Amino acid sequence: MDPKAMYKLSYGLFVLTAAAGGAESGCIINTAGQVTSQPERISIAVNKAGFTHDLVKQSGKFNVSILSETAGFDTFRHFGLQSGRDVDKFAGYQHCQRAANGLYYVTAGTNAYISATVEQTLDLGTHTLFIAGVDDMEVLSSDPSTTYAYYQAHIKPKPQQPATTTGKTAWRCTVCGYVHEGEELPADFLCPLCKHPASDFEKISL
């Protein structure tokens with residue numbers, strides 16, 4: 001079985017934002033979509049290890065900012081490669097506004113946002129699936145939405161090859177670029193940066 005077949009699925013990338021108990025945060029997700037149109041409902045799948053997941057679960061409300069092809073890697077680094085448990089992602093962050101529900105949405109490198117209230121949840125093991133009714137939504141630009149394939153080809157920085165090689169074996173996360181040194185990668189390994197599993201790592205030589 002080749003797990004890279006999953007990469008061929010066409011899906012977008014989004015910034016999920018939420019707040020609860022005086023804390024606000026946001027994270028990158030790649031699973032959001034419309035599930036019904038009458039009434040308007042969307043679903044999102046969120047990794048349980050993320051701080052934003054906990055905020056959505058506590059508050060039952062969230063915004064999804066839809067990333068466009070104009071998004072820079074700084075947006076992915078800011079919302080995807082650091083934890084809201086360690087930093088306030090909105091402290092000093094200027095590319096956002098508050099929606100009618102009081103939550104931030106991202107204005108840079110996005111083409112729309114959707115505000116929603118959770119109606120149902122489903123435990124998926126590593127993730128929670130939230131099904132939510134849409135409260136508000138707005139188109140911000142006509143720029144095309146970025147897909148995961150577009151992100152890989154045009155936004156994500158290409159790995160730099162070392163000037164000299166040591167012959168050491170390492171494993172590189174194909175999602176965020178994190179490198180784990182070692183001959184073997186445990187089957188239950190999770191990337192410490194983006195929380196993707198061992199199946200998303202490729203073997204490399206340093």
# chains A, B, ... in the order shown; residues from 1 in each chain; ligands from 1
>>> closest_atom_pairs(of="segment 15-60 of chain A", to="segment 114-136 of chain A", cutoff="7 Å", atoms="only C-alpha atoms", output="JSON lines")
{"residue": "A:Glu40", "atom": "CA", "partner": "A:Val134", "partner_atom": "CA", "distance": 5.6}
{"residue": "A:Arg41", "atom": "CA", "partner": "A:Gly133", "partner_atom": "CA", "distance": 4.5}
{"residue": "A:Ile42", "atom": "CA", "partner": "A:Ala132", "partner_atom": "CA", "distance": 5.5}
{"residue": "A:Ser43", "atom": "CA", "partner": "A:Ile131", "partner_atom": "CA", "distance": 4.4}
{"residue": "A:Ile44", "atom": "CA", "partner": "A:Phe130", "partner_atom": "CA", "distance": 5.3}
{"residue": "A:Ala45", "atom": "CA", "partner": "A:Leu129", "partner_atom": "CA", "distance": 4.4}
{"residue": "A:Val46", "atom": "CA", "partner": "A:His127", "partner_atom": "CA", "distance": 5.2}
{"residue": "A:Asn47", "atom": "CA", "partner": "A:His127", "partner_atom": "CA", "distance": 4.3}
{"residue": "A:Lys48", "atom": "CA", "partner": "A:His127", "partner_atom": "CA", "distance": 5.1}
{"residue": "A:Gly60", "atom": "CA", "partner": "A:Val118", "partner_atom": "CA", "distance": 5.0}
>>> residues_around(residues="segment 18-33 of chain A", least_positions_apart="4", cutoff="8 Å", atoms="only C-alpha atoms", output="list of chain:residue names")
A:Tyr11, A:Gly12, A:Leu13, A:Phe14, A:Ile42, A:Ser43, A:Ile44, A:Ala45, A:Val46, A:Gly50, A:Phe51, A:Thr52, A:Leu55, A:Val56, A:Gln58, A:Ser59, A:Lys61, A:Phe62, A:Asn63, A:Phe76, A:Phe79, A:Gly80, A:Gly84, A:Asp88, A:Lys89, A:Phe90, A:Leu103, A:Tyr104, A:Tyr148
>>> write_last_selection(atoms="C-alpha atoms", output="CSV table (one decimal), in the first residue's frame")
chain,number,residue,atom,x,y,z
A,11,TYR,CA,-8.3,19.6,-1.1
A,12,GLY,CA,-7.6,23.1,0.2
A,13,LEU,CA,-5.8,24.6,3.1
A,14,PHE,CA,-7.4,26.8,5.7
A,42,ILE,CA,-19.7,22.6,6.8
A,43,SER,CA,-17.5,20.0,8.4
A,44,ILE,CA,-13.9,20.3,9.7
A,45,ALA,CA,-11.5,17.6,11.0
A,46,VAL,CA,-9.1,18.9,13.6
A,50,GLY,CA,-3.8,21.1,18.7
A,51,PHE,CA,-4.7,23.9,21.1
A,52,THR,CA,-7.3,25.3,18.6
A,55,LEU,CA,-10.9,25.9,21.9
A,56,VAL,CA,-13.4,24.8,19.3
A,58,GLN,CA,-15.0,24.3,24.5
A,59,SER,CA,-16.8,27.2,22.7
A,61,LYS,CA,-17.8,28.3,17.5
A,62,PHE,CA,-15.1,28.8,14.9
A,63,ASN,CA,-14.1,30.7,11.8
A,76,PHE,CA,1.8,28.6,7.2
A,79,PHE,CA,-0.3,29.3,12.2
A,80,GLY,CA,1.1,25.8,11.5
A,84,GLY,CA,-1.0,28.3,20.7
A,88,ASP,CA,-0.3,34.1,21.4
A,89,LYS,CA,-0.6,33.9,17.7
A,90,PHE,CA,-2.7,37.1,17.5
A,103,LEU,CA,-13.6,35.6,16.4
A,104,TYR,CA,-10.7,36.6,14.2
A,148,TYR,CA,-2.4,21.1,-1.1
>>> closest_atom_pairs(of="segment 34-148 of chain A", to="segment 171-194 of chain A", cutoff="9 Å", atoms="only C-alpha atoms", output="tab-separated table")
residue	atom	partner	partner_atom	distance
A:Arg77	CA	A:Cys176	CA	8.8
A:Gly80	CA	A:Cys194	CA	6.5
A:Leu81	CA	A:Leu193	CA	5.5
A:Gln82	CA	A:Leu193	CA	6.9
A:Ser83	CA	A:Leu193	CA	8.5
>>> atom_distance(atom1="atom CA of Glu202 of chain A", atom2="atom CA of Ala170 of chain A")
8.4 Å
>>> closest_residue(among="A:Leu67, A:Met1, A:Ala49, A:Val35", to="Thr146 of chain A", atoms="only C-alpha atoms")
A:Leu67
>>> closest_residue(among="A:Ala108, A:Ala149, A:Cys96, A:Leu140", to="Asp74 of chain A", atoms="only C-alpha atoms")
A:Ala108
>>> atom_distance(atom1="atom CA of Tyr105 of chain A", atom2="atom CA of Ser65 of chain A")
5.9 Å
>>> select_by_dssp(residues="segment 37-202 of chain A", states="strand (DSSP E)", output="ChimeraX atom specification")
/A:37,40-47,61-67,96-98,104-106,110-123,127-139,169-173,179-181,201-202
>>> atom_distance(atom1="atom CA of Ile204 of chain A", atom2="atom CA of Thr169 of chain A")
6.1 Å
>>> select_by_dssp(residues="segment 43-76 of chain A", states="alpha helix (DSSP H)", output="mmCIF file with N, CA and C atoms, in the first residue's frame")
data_model
loop_
_atom_site.group_PDB
_atom_site.id
_atom_site.type_symbol
_atom_site.label_atom_id
_atom_site.label_comp_id
_atom_site.auth_asym_id
_atom_site.auth_seq_id
_atom_site.Cartn_x
_atom_site.Cartn_y
_atom_site.Cartn_z
ATOM 1 N N PHE A 51 -4.022 23.075 20.091
ATOM 2 C CA PHE A 51 -4.692 23.947 21.050
ATOM 3 C C PHE A 51 -6.012 24.469 20.487
ATOM 4 N N THR A 52 -6.040 24.784 19.192
ATOM 5 C CA THR A 52 -7.265 25.317 18.585
ATOM 6 C C THR A 52 -8.389 24.288 18.646
ATOM 7 N N HIS A 53 -8.047 23.008 18.528
ATOM 8 C CA HIS A 53 -9.050 21.946 18.675
ATOM 9 C C HIS A 53 -9.778 22.086 19.995
ATOM 10 N N ASP A 54 -9.013 22.304 21.081
ATOM 11 C CA ASP A 54 -9.624 22.407 22.407
ATOM 12 C C ASP A 54 -10.526 23.626 22.510
ATOM 13 N N LEU A 55 -10.125 24.725 21.865
ATOM 14 C CA LEU A 55 -10.935 25.942 21.913
ATOM 15 C C LEU A 55 -12.258 25.751 21.174
ATOM 16 N N VAL A 56 -12.206 25.072 20.033
ATOM 17 C CA VAL A 56 -13.444 24.791 19.293
ATOM 18 C C VAL A 56 -14.354 23.897 20.122
ATOM 19 N N LYS A 57 -13.764 22.887 20.746
ATOM 20 C CA LYS A 57 -14.572 21.950 21.532
ATOM 21 C C LYS A 57 -15.226 22.649 22.729
ATOM 22 N N GLN A 58 -14.495 23.577 23.350
ATOM 23 C CA GLN A 58 -15.033 24.290 24.517
ATOM 24 C C GLN A 58 -16.113 25.294 24.127
ATOM 25 N N SER A 59 -15.859 26.055 23.074
ATOM 26 C CA SER A 59 -16.754 27.161 22.729
ATOM 27 C C SER A 59 -17.871 26.778 21.772
ATOM 28 N N PHE A 73 4.463 31.687 2.687
ATOM 29 C CA PHE A 73 4.812 30.638 3.647
ATOM 30 C C PHE A 73 4.777 31.160 5.081
ATOM 31 N N ASP A 74 4.958 32.479 5.271
ATOM 32 C CA ASP A 74 4.899 33.046 6.615
ATOM 33 C C ASP A 74 3.575 32.734 7.297
ATOM 34 N N THR A 75 2.479 32.729 6.536
ATOM 35 C CA THR A 75 1.171 32.398 7.123
ATOM 36 C C THR A 75 1.156 30.962 7.623
ATOM 37 N N PHE A 76 1.718 30.047 6.832
ATOM 38 C CA PHE A 76 1.760 28.642 7.230
ATOM 39 C C PHE A 76 2.693 28.446 8.423
#
>>> closest_residue(among="A:Lys203, A:Lys4, A:His154, A:His78", to="Tyr93 of chain A", atoms="only C-alpha atoms")
A:His78
